[in-house]
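File shown here: input.txt, holding compact mmCIF, C-alpha atoms and all ligand atoms.
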# COMPACT_ATOMS: atom_id res chain seq x y z
CA MET A 35 5.85 -2.35 16.46
CA LYS A 36 4.24 -5.69 17.18
CA VAL A 37 0.88 -5.03 15.55
CA GLN A 38 2.55 -3.85 12.32
CA SER A 39 4.47 -7.16 12.11
CA SER A 40 1.28 -9.11 12.86
CA LEU A 41 -0.52 -7.24 10.08
CA MET A 42 2.31 -7.94 7.64
CA GLN A 43 2.36 -11.63 8.58
CA LEU A 44 -1.42 -11.88 8.19
CA ALA A 45 -1.11 -10.12 4.82
CA ALA A 46 1.53 -12.68 3.77
CA THR A 47 -0.79 -15.54 4.81
CA GLU A 48 -3.74 -14.05 2.96
CA TYR A 49 -1.69 -13.36 -0.17
CA GLU A 50 -0.61 -17.02 -0.18
CA ARG A 51 -4.31 -17.89 -0.23
CA ILE A 52 -4.88 -15.36 -3.05
CA ARG A 53 -2.01 -16.98 -4.97
CA ARG A 54 -4.04 -20.19 -5.02
CA ASP A 55 -7.22 -18.41 -6.22
CA ASP A 56 -8.21 -19.23 -9.83
CA HIS A 57 -8.99 -15.63 -10.77
CA LEU A 58 -6.47 -13.68 -8.72
CA SER A 59 -3.30 -15.79 -8.75
CA GLU A 60 -2.05 -14.35 -12.06
CA PHE A 61 -1.76 -10.89 -10.46
CA VAL A 62 0.53 -11.91 -7.60
CA VAL A 63 4.05 -12.39 -8.92
CA ASN A 64 7.25 -13.33 -7.17
CA THR A 65 10.15 -11.42 -8.70
CA GLY A 66 12.02 -10.77 -5.45
CA THR A 67 12.95 -7.28 -4.26
CA LEU A 68 16.29 -5.52 -4.26
CA ASP A 69 16.88 -2.74 -1.69
CA LEU A 70 19.79 -0.59 -2.83
CA TYR A 71 22.05 1.75 -0.84
CA ASP A 72 24.39 4.40 -2.28
CA SER A 73 27.19 3.78 0.20
CA GLU A 74 28.52 1.48 2.87
CA LYS A 75 27.67 4.24 5.39
CA SER A 76 23.97 4.41 4.51
CA PHE A 77 23.81 0.62 4.36
CA ARG A 78 25.21 0.41 7.90
CA ALA A 79 22.76 3.05 9.10
CA ALA A 80 19.90 0.82 7.91
CA THR A 81 21.16 -2.25 9.81
CA PRO A 82 18.81 -1.87 12.83
CA GLU A 83 15.80 -1.57 10.50
CA TRP A 84 16.75 -4.83 8.76
CA ALA A 85 17.40 -6.52 12.11
CA GLY A 86 13.84 -5.58 13.08
CA LYS A 87 12.50 -7.06 9.84
CA ARG A 88 14.47 -10.28 10.44
CA LYS A 89 13.00 -10.49 13.93
CA ALA A 90 9.51 -10.08 12.44
CA GLY A 91 10.14 -13.16 10.28
CA PHE A 92 11.27 -11.65 6.96
CA ASP A 93 13.88 -13.54 5.00
CA PHE A 94 16.59 -11.74 3.03
CA HIS A 95 20.35 -11.58 2.55
CA ARG A 96 23.02 -9.00 1.88
CA VAL A 97 24.40 -8.80 -1.66
CA GLY A 98 27.50 -7.08 -3.08
CA ARG A 99 28.22 -5.58 -6.50
CA HIS A 100 28.65 -8.86 -8.34
CA GLU A 101 25.30 -10.28 -7.25
CA ILE A 102 23.60 -6.89 -7.69
CA GLU A 103 24.70 -6.91 -11.32
CA THR A 104 23.27 -10.39 -11.83
CA LEU A 105 19.99 -9.50 -10.12
CA GLN A 106 19.62 -6.29 -12.13
CA PRO A 107 22.07 -5.45 -14.92
CA GLY A 108 22.46 -1.78 -15.85
CA LEU A 109 22.57 -0.11 -12.42
CA ALA A 110 24.95 2.82 -11.82
CA PRO A 111 28.31 1.78 -10.29
CA GLN A 112 27.77 3.33 -6.84
CA PHE A 113 25.43 0.50 -5.83
CA GLU A 114 27.70 -1.94 -4.06
CA ASN A 115 25.48 -2.68 -1.07
CA ALA A 116 22.01 -4.11 -1.20
CA ILE A 117 19.55 -6.44 0.45
CA TYR A 118 17.80 -9.06 -1.62
CA ALA A 119 14.56 -10.74 -0.57
CA ASP A 120 13.91 -13.72 -2.79
CA ASP A 121 10.28 -14.19 -1.74
CA GLY A 122 9.22 -10.54 -2.25
CA LEU A 123 5.76 -10.52 -3.86
CA GLN A 124 4.27 -7.90 -6.11
CA ILE A 125 0.93 -7.11 -7.74
CA SER A 126 1.65 -6.99 -11.47
CA ASP A 127 -1.46 -4.96 -12.38
CA PRO A 128 -3.13 -3.21 -9.41
CA ALA A 129 -6.07 -1.92 -11.50
CA GLY A 130 -6.68 -5.35 -13.08
CA PHE A 131 -6.42 -7.00 -9.65
CA THR A 132 -9.04 -4.60 -8.22
CA ARG A 133 -11.39 -5.11 -11.19
CA THR A 134 -11.12 -8.90 -10.76
CA VAL A 135 -11.93 -8.66 -7.03
CA ALA A 136 -15.00 -6.58 -8.00
CA LYS A 137 -16.09 -9.19 -10.57
CA ASP A 138 -15.68 -11.96 -7.97
CA LEU A 139 -17.89 -9.98 -5.61
CA GLN A 140 -20.58 -9.76 -8.30
CA ARG A 141 -20.24 -13.48 -9.10
CA ALA A 142 -20.83 -14.18 -5.41
CA GLY A 143 -24.12 -12.22 -5.56
CA GLY A 144 -22.88 -8.77 -4.54
CA THR A 145 -24.04 -5.56 -6.21
CA ILE A 146 -21.82 -2.58 -6.99
CA ARG A 147 -23.34 0.87 -6.77
CA ILE A 148 -21.15 3.96 -7.23
CA SER A 149 -22.21 7.05 -5.24
CA GLU A 150 -20.63 9.61 -2.93
CA ALA A 151 -21.35 9.00 0.76
CA VAL A 152 -21.68 12.27 2.68
CA ALA A 153 -22.74 11.15 6.17
CA LEU A 154 -23.53 8.11 8.31
CA GLU A 155 -26.19 7.55 10.94
CA PRO A 156 -26.88 4.64 13.28
CA THR A 157 -30.21 2.85 12.83
CA GLU A 158 -31.88 0.34 15.12
CA ASN A 159 -30.32 -2.71 13.43
CA GLY A 160 -27.54 -1.25 11.32
CA ALA A 161 -26.57 2.07 9.77
CA ARG A 162 -27.67 4.50 7.10
CA ILE A 163 -25.43 6.07 4.45
CA ARG A 164 -26.57 9.50 3.29
CA LEU A 165 -25.64 10.05 -0.36
CA ALA A 166 -24.68 13.23 -2.22
CA GLY A 167 -27.64 14.56 -4.18
CA GLY A 168 -30.17 13.04 -1.76
CA GLY A 169 -31.05 9.40 -1.24
CA SER A 170 -29.63 6.93 1.22
CA ILE A 171 -28.72 3.28 1.68
CA GLU A 172 -29.54 1.28 4.80
CA ALA A 173 -27.49 -1.75 5.71
CA ARG A 174 -26.89 -4.11 8.59
CA THR A 175 -23.16 -3.40 8.39
CA VAL A 176 -21.40 -0.44 6.78
CA VAL A 177 -17.63 -0.56 6.18
CA VAL A 178 -15.89 2.80 5.86
CA ALA A 179 -12.91 2.12 3.57
CA CYS A 180 -12.68 5.50 1.84
CA GLY A 181 -8.94 5.99 2.33
CA ALA A 182 -7.93 9.56 3.17
CA TRP A 183 -11.55 10.70 2.77
CA SER A 184 -12.81 8.48 5.61
CA LYS A 185 -12.27 11.18 8.23
CA THR A 186 -15.34 13.18 7.15
CA LEU A 187 -17.61 10.14 7.39
CA ALA A 188 -16.31 9.29 10.90
CA LYS A 189 -16.82 12.93 11.85
CA SER A 190 -20.46 12.72 10.78
CA LEU A 191 -20.83 10.18 13.61
CA GLY A 192 -19.12 12.60 16.00
CA GLU A 193 -15.83 10.61 15.97
CA ALA A 194 -12.74 12.75 15.38
CA ILE A 195 -9.83 10.77 13.91
CA PRO A 196 -6.42 12.37 13.19
CA LEU A 197 -6.23 11.02 9.64
CA ASP A 198 -4.18 12.98 7.11
CA THR A 199 -2.80 12.28 3.67
CA GLU A 200 0.76 11.77 2.48
CA ARG A 201 0.47 12.44 -1.20
CA GLY A 202 2.74 10.45 -3.51
CA TYR A 203 3.64 10.56 -7.19
CA ASN A 204 4.61 8.20 -9.93
CA THR A 205 5.20 7.91 -13.66
CA THR A 206 4.34 4.76 -15.58
CA LEU A 207 6.66 4.26 -18.55
CA PRO A 208 6.20 1.84 -21.46
CA ALA A 209 7.44 -1.68 -20.65
CA ALA A 210 10.18 -1.39 -23.28
CA SER A 211 11.80 1.56 -21.43
CA PHE A 212 14.23 -0.70 -19.59
CA PRO A 213 14.89 -4.45 -19.18
CA LEU A 214 13.78 -4.37 -15.54
CA LYS A 215 13.99 -7.74 -13.81
CA ARG A 216 12.50 -6.97 -10.43
CA GLN A 217 11.36 -4.25 -8.02
CA LEU A 218 14.21 -1.89 -7.06
CA TYR A 219 14.06 0.23 -3.90
CA PHE A 220 16.44 3.19 -3.91
CA ASN A 221 16.46 3.53 -0.15
CA ASP A 222 18.67 6.62 0.13
CA HIS A 223 16.26 8.49 -2.13
CA SER A 224 12.91 7.01 -1.05
CA PHE A 225 11.68 5.88 -4.43
CA VAL A 226 10.90 2.62 -6.14
CA VAL A 227 11.12 1.32 -9.70
CA THR A 228 8.63 -1.48 -10.29
CA PRO A 229 8.01 -3.78 -13.24
CA LEU A 230 4.29 -4.05 -14.03
CA LYS A 231 2.46 -6.28 -16.49
CA ASP A 232 2.34 -3.46 -19.06
CA GLY A 233 4.93 -0.95 -17.92
CA ILE A 234 7.55 0.29 -15.53
CA ARG A 235 6.45 2.46 -12.62
CA VAL A 236 8.79 5.02 -11.02
CA GLY A 237 7.17 6.20 -7.80
CA GLY A 238 7.67 7.74 -4.39
CA ALA A 239 7.66 11.20 -2.70
CA VAL A 240 5.78 12.30 0.38
CA GLU A 241 3.88 15.58 0.18
CA PHE A 242 1.62 17.08 2.84
CA GLY A 243 -0.85 18.99 0.71
CA GLY A 244 -4.24 17.82 1.92
CA LEU A 245 -7.02 16.58 -0.33
CA ASP A 246 -7.60 19.71 -2.43
CA LEU A 247 -4.23 21.18 -3.49
CA PRO A 248 -3.57 20.57 -7.23
CA ALA A 249 -0.90 17.97 -8.03
CA ASN A 250 2.67 19.20 -8.49
CA PHE A 251 3.99 16.88 -11.19
CA LYS A 252 7.48 18.38 -10.86
CA ARG A 253 7.80 15.72 -8.17
CA SER A 254 7.18 12.94 -10.73
CA GLU A 255 9.75 14.57 -13.02
CA MET A 256 12.33 14.72 -10.19
CA LEU A 257 11.85 11.01 -9.49
CA LEU A 258 12.24 10.20 -13.17
CA LYS A 259 15.51 12.19 -13.31
CA LEU A 260 16.84 10.24 -10.34
CA ALA A 261 15.78 6.95 -11.92
CA LYS A 262 17.64 7.91 -15.10
CA ARG A 263 20.76 8.74 -13.05
CA PHE A 264 20.70 5.34 -11.34
CA LEU A 265 19.58 3.33 -14.39
CA PRO A 266 21.43 5.19 -17.20
CA GLY A 267 19.83 3.06 -19.92
CA LEU A 268 16.27 4.02 -18.88
CA GLU A 269 14.20 5.64 -21.66
CA THR A 270 12.18 8.30 -19.81
CA SER A 271 9.79 9.47 -22.53
CA GLY A 272 6.18 8.40 -23.09
CA GLY A 273 5.25 8.15 -19.42
CA GLU A 274 1.93 8.75 -17.68
CA GLN A 275 2.03 10.79 -14.46
CA TRP A 276 -0.14 10.16 -11.41
CA MET A 277 -0.63 11.54 -7.91
CA GLY A 278 -2.31 9.53 -5.13
CA PHE A 279 -3.40 10.13 -1.55
CA ARG A 280 -1.90 7.77 1.02
CA PRO A 281 -4.27 7.75 3.99
CA SER A 282 -2.01 8.18 7.01
CA MET A 283 -2.31 8.11 10.79
CA PRO A 284 0.31 9.71 13.11
CA ASP A 285 1.67 6.30 14.23
CA CYS A 286 1.72 4.76 10.72
CA LEU A 287 -0.86 2.15 11.75
CA PRO A 288 -4.30 1.81 10.17
CA VAL A 289 -7.63 2.08 11.92
CA ILE A 290 -9.48 -1.25 11.95
CA ASP A 291 -12.24 -0.95 14.49
CA ARG A 292 -15.93 -0.66 15.18
CA SER A 293 -17.47 2.79 15.60
CA LYS A 294 -18.72 3.50 19.12
CA ALA A 295 -21.47 5.88 17.97
CA ALA A 296 -22.75 3.35 15.41
CA PRO A 297 -21.52 -0.17 16.31
CA ASN A 298 -22.59 -1.57 12.93
CA VAL A 299 -20.17 0.77 11.18
CA ILE A 300 -16.67 -0.69 10.77
CA TYR A 301 -13.69 1.52 10.07
CA ALA A 302 -10.89 0.23 7.79
CA PHE A 303 -8.54 2.99 6.61
CA GLY A 304 -5.27 4.78 7.31
CA HIS A 305 -2.84 2.21 5.85
CA GLY A 306 -0.39 4.89 4.66
CA HIS A 307 2.37 3.42 2.48
CA LEU A 308 1.15 -0.15 2.91
CA GLY A 309 -2.49 -0.17 1.83
CA LEU A 310 -2.14 -2.55 -1.09
CA THR A 311 0.12 -4.88 0.89
CA GLN A 312 -2.16 -4.94 3.92
CA SER A 313 -5.44 -4.98 2.00
CA ALA A 314 -5.71 -8.77 2.20
CA ALA A 315 -5.17 -8.76 5.97
CA THR A 316 -7.66 -5.91 6.35
CA GLY A 317 -10.30 -7.75 4.32
CA ARG A 318 -10.01 -10.72 6.62
CA LEU A 319 -10.19 -8.62 9.80
CA VAL A 320 -13.21 -6.68 8.53
CA ALA A 321 -14.97 -9.96 7.65
CA GLU A 322 -14.28 -11.22 11.18
CA LEU A 323 -15.57 -8.01 12.79
CA THR A 324 -18.68 -8.15 10.60
CA ALA A 325 -19.35 -11.75 11.67
CA HIS A 326 -18.64 -10.87 15.34
CA GLN A 327 -15.77 -13.37 15.38
CA LYS A 328 -12.47 -13.03 17.23
CA PRO A 329 -10.03 -11.23 14.89
CA ALA A 330 -7.08 -13.26 13.57
CA ILE A 331 -4.66 -10.84 15.28
CA ASP A 332 -4.90 -8.52 18.27
CA ILE A 333 -6.27 -5.23 16.87
CA GLU A 334 -6.43 -3.31 20.16
CA ASN A 335 -3.72 -0.90 18.94
CA LEU A 336 -5.71 -0.18 15.77
CA ARG A 337 -8.57 1.47 17.68
CA PHE A 338 -9.93 4.63 16.07
CA ASP A 339 -9.78 6.51 19.41
CA ARG A 340 -6.22 5.52 20.39
CA PHE A 341 -5.14 9.18 20.31
CA GLY A 342 -7.87 10.16 22.81
C1 LIG B 401 2.86 6.87 -5.15
C2 LIG B 401 2.28 5.81 -4.24
C3 LIG B 401 2.87 4.56 -4.19
C4 LIG B 401 2.35 3.57 -3.34
N1 LIG B 401 2.96 2.33 -3.33
C5 LIG B 401 2.48 1.36 -2.54
C6 LIG B 401 3.08 0.08 -2.51
O1 LIG B 401 4.05 -0.20 -3.22
N2 LIG B 401 2.55 -0.87 -1.70
C7 LIG B 401 1.48 -0.61 -0.90
O2 LIG B 401 1.04 -1.52 -0.17
N3 LIG B 401 0.87 0.60 -0.89
C8 LIG B 401 1.36 1.60 -1.68
N4 LIG B 401 0.78 2.84 -1.67
C9 LIG B 401 -0.27 3.13 -0.68
C10 LIG B 401 -1.62 2.64 -1.13
O3 LIG B 401 -1.90 3.14 -2.42
C11 LIG B 401 -2.69 3.13 -0.14
O4 LIG B 401 -2.33 2.76 1.18
C12 LIG B 401 -4.04 2.51 -0.51
O5 LIG B 401 -4.45 2.96 -1.78
C13 LIG B 401 -5.11 2.84 0.52
O6 LIG B 401 -6.23 2.10 0.14
P1 LIG B 401 -7.69 2.54 0.54
O7 LIG B 401 -8.61 1.61 -0.17
O8 LIG B 401 -7.78 2.67 2.02
O9 LIG B 401 -7.86 4.03 -0.04
P2 LIG B 401 -7.90 4.51 -1.53
O10 LIG B 401 -7.06 3.64 -2.41
O11 LIG B 401 -7.60 5.98 -1.51
O12 LIG B 401 -9.41 4.27 -1.97
C14 LIG B 401 -10.46 5.00 -1.36
C15 LIG B 401 -11.67 4.89 -2.26
O13 LIG B 401 -12.80 5.48 -1.59
C16 LIG B 401 -13.48 6.31 -2.51
N5 LIG B 401 -14.16 7.36 -1.74
C17 LIG B 401 -13.58 8.39 -1.08
N6 LIG B 401 -14.51 9.14 -0.46
C18 LIG B 401 -15.71 8.58 -0.74
C19 LIG B 401 -17.06 8.90 -0.38
N7 LIG B 401 -17.32 9.95 0.38
N8 LIG B 401 -18.06 8.11 -0.86
C20 LIG B 401 -17.76 7.03 -1.63
N9 LIG B 401 -16.50 6.67 -1.99
C21 LIG B 401 -15.49 7.43 -1.56
C22 LIG B 401 -12.40 6.86 -3.42
O14 LIG B 401 -12.95 7.29 -4.64
C23 LIG B 401 -11.51 5.63 -3.58
O15 LIG B 401 -11.96 4.81 -4.61
C24 LIG B 401 1.24 3.85 -2.53
C25 LIG B 401 0.62 5.09 -2.60
C26 LIG B 401 1.13 6.07 -3.46
C27 LIG B 401 0.42 7.40 -3.50
Representation of the structure as structure tokens:
Amino acid sequence: MKVQSSLMQLAATEYERIRRDDHLSEFVVNTGTLDLYDSEKSFRAATPEWAGKRKAGFDFHRVGRHEIETLQPGLAPQFENAIYADDGLQISDPAGFTRTVAKDLQRAGGTIRISEAVALEPTENGARIRLAGGGSIEARTVVVACGAWSKTLAKSLGEAIPLDTERGYNTTLPAASFPLKRQLYFNDHSFVVTPLKDGIRVGGAVEFGGLDLPANFKRSEMLLKLAKRFLPGLETSGGEQWMGFRPSMPDCLPVIDRSKAAPNVIYAFGHGHLGLTQSAATGRLVAELTAHQKPAIDIENLRFDRFG
């Protein structure tokens, strides 16, 4: 998918810029990433996927048991096949990173106001946001970046978008739970173990349960059991469970586009499993749309109405 590679490359470029930023650089760490496979068979089955990543410009190499053990001691013995990407980046503290971006916005003269938007309307020179409990905000440009909840706001402009949510789960354990050196992807089981500034996060799962169904934390527990099986020395007590809503489109591509009903409303949502990674690219594209400049990449395939 060409546009997905372009988005990832733009994200890489923008993260390099963020790595040079005085306030944000500390949050972007380079620990490398290790993608693990249970067997030679599953490793071979993933070969075309890795070939595609290589073609898109990603750099990595295959590693065997000996190197796996050096890269991450303490893994269960079945892991004899893996891919290691030395330049894999990671956000060490997603909440701290977000708070710092918000502070930078305020330093630059921006104001933060927290309210629930319930509907949008076009105005002569911009758009109006109707707020829950009455009241409204008028602006020259409105950016809808409400994740899985964006669909309702687009609908209020008469624009139906097939956005759904893939709910995911994680548990954040104390940092001392395991001497984790880098991010580990357990590809045959679709979960990830990630070192954070103040903990270890075990996360994954895909659940179609919409926005209202209560969380089923048995899924977090299942992931933790698997993590313990593959990292036998992991201490699994003292964790904090979480469920989140990945905003997902049927083709796994986000919507980054201008509304037709209200051209001063810009849509930026639907990043699925890659929202944190692609946030930097999205920020740049939204800034370009707002300034009526040519976007850094071709975003034709990210149109909100691409499904008709
Ligand atoms: C378990 C799990 C692991 C993940 N791991 C990764 C990963 O490793 N890398 C990666 O890149 N991505 C990952 N993701 C995906 C990533 O979290 C999402 O793609 C990303 O959060 C989407 O960002 P967003 O800002 O569009 O939406 P959100 O993060 O959902 O934010 C939307 C915001 O809009 C607010 N909002 C909603 N409705 C309204 C309204 N009506 N009025 C005002 N505000 C509103 C919400 O309160 C929220 O603050 C993971 C997701 C999960 C669940």
Surrounding residues as a list in words, ligand LIG 401 (chain B), max 6 Å, all atoms listed in the file: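 Listing the residues within 6 Å of ligand LIG 401 (chain B) gives Ser149, Glu150, Ala151, Val152, Ala179, Cys180, Gly181, Ala182, Trp183, Arg201, Gly202, Tyr203, Asn204, Gly237, Gly238, Gly278, Phe279, Arg280, Phe303, His305, Gly306, His307, Leu308, Gly309, Leu310 and Thr311 of chain A.
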Straight-line distance linking atom CA of A:Ala325 with atom CA of A:Ile52, stated in Å to one decimal: 21.0 Å
Near-A:Arg174 list (9 Å; only C-alpha atoms; drop same-chain fewer than 3 positions) as a PDB file with C-alpha atoms, keeping the file's coordinate frame:
ATOM      1  CA  THR A 157     -30.210   2.850  12.830  1.00  0.00           C
ATOM      2  CA  ASN A 159     -30.320  -2.710  13.430  1.00  0.00           C
ATOM      3  CA  GLY A 160     -27.540  -1.250  11.320  1.00  0.00           C
ATOM      4  CA  ALA A 161     -26.570   2.070   9.770  1.00  0.00           C
ATOM      5  CA  ARG A 162     -27.670   4.500   7.100  1.00  0.00           C
ATOM      6  CA  ASN A 298     -22.590  -1.570  12.930  1.00  0.00           C
ATOM      7  CA  VAL A 299     -20.170   0.770  11.180  1.00  0.00           C
TER       8      VAL A 299
END
Contacts of A:Glu50 within 12 Å, all atoms listed in the file, excl. fewer than 3 positions in-chain, as a PyMOL selection string: chain A and resi 43-47+53-55+58-59+62-64+121-124+314-315
Prev. selection, C-alpha atoms, output as a PDB file, in the frame of the given file:
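Done, and the output landed in selection20.pdb:
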ATOM      1  CA  GLN A  43       2.360 -11.630   8.580  1.00  0.00           C
ATOM      2  CA  LEU A  44      -1.420 -11.880   8.190  1.00  0.00           C
ATOM      3  CA  ALA A  45      -1.110 -10.120   4.820  1.00  0.00           C
ATOM      4  CA  ALA A  46       1.530 -12.680   3.770  1.00  0.00           C
ATOM      5  CA  THR A  47      -0.790 -15.540   4.810  1.00  0.00           C
ATOM      6  CA  ARG A  53      -2.010 -16.980  -4.970  1.00  0.00           C
ATOM      7  CA  ARG A  54      -4.040 -20.190  -5.020  1.00  0.00           C
ATOM      8  CA  ASP A  55      -7.220 -18.410  -6.220  1.00  0.00           C
ATOM      9  CA  LEU A  58      -6.470 -13.680  -8.720  1.00  0.00           C
ATOM     10  CA  SER A  59      -3.300 -15.790  -8.750  1.00  0.00           C
ATOM     11  CA  VAL A  62       0.530 -11.910  -7.600  1.00  0.00           C
ATOM     12  CA  VAL A  63       4.050 -12.390  -8.920  1.00  0.00           C
ATOM     13  CA  ASN A  64       7.250 -13.330  -7.170  1.00  0.00           C
ATOM     14  CA  ASP A 121      10.280 -14.190  -1.740  1.00  0.00           C
ATOM     15  CA  GLY A 122       9.220 -10.540  -2.250  1.00  0.00           C
ATOM     16  CA  LEU A 123       5.760 -10.520  -3.860  1.00  0.00           C
ATOM     17  CA  GLN A 124       4.270  -7.900  -6.110  1.00  0.00           C
ATOM     18  CA  ALA A 314      -5.710  -8.770   2.200  1.00  0.00           C
ATOM     19  CA  ALA A 315      -5.170  -8.760   5.970  1.00  0.00           C
TER      20      ALA A 315
END
Close residues, A:Phe61 itself excluded, 12 Å, all atoms listed in the file, min 6 positions apart in chain, as an MDAnalysis selection string: chainID A and resid 49 52:55 123:135 230:231
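Picture a line from atom CA of A:Trp84 to atom CA of A:Thr228; it runs 21.0 Å.
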Near-stretch 101-115 of chain A list (10 Å; only C-alpha atoms; drop same-chain fewer than 5 positions) as JSON, numbers by chain: {"A": [66, 67, 68, 69, 70, 71, 72, 73, 74, 75, 76, 77, 78, 96, 212, 213, 214, 215, 216, 217, 218, 220, 261, 262, 263, 264, 265, 266, 267, 268]}
Proximity to A:Tyr301 - best of A:Lys328, A:Lys259, A:Lys185, A:Arg318, only C-alpha atoms: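 Under the stated criterion, the closest residue is A:Lys185.
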Minimum-distance residue to A:Thr270, chosen among A:Ser211, A:Asp232, A:Glu241, A:Phe225 (using all atoms listed in the file):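 Checking each candidate against A:Thr270, we get A:Ser211 as the closest.
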Minimum-distance residue to A:Leu336, chosen among A:Val37, A:Ala136, A:Pro196, A:Leu319 (using only C-alpha atoms):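 Once distances to A:Leu336 are computed over only C-alpha atoms, the minimum belongs to A:Val37.
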Point-to-point distance from atom CA of A:Ala296 to atom CA of A:Arg340, Å rounded to tenths: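 Computed distance, atom CA of A:Ala296 to atom CA of A:Arg340, equals 17.4 Å.
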7 Å contact set for A:Ser282, only C-alpha atoms, chain neighbours under 4 positions out, as a ChimeraX atom specification: /A:197-200,286,304-306
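Remark: for A:Leu258, the closest of the candidate residues A:Asp285, A:Thr145, A:Leu207, A:Asp291 is A:Leu207 (distances computed over all atoms listed in the file).
In this comparison, which uses all atoms listed in the file, the residue of A:Phe92, A:Lys137, A:Phe338, A:Thr65 approaching A:Pro284 most closely is A:Phe338.
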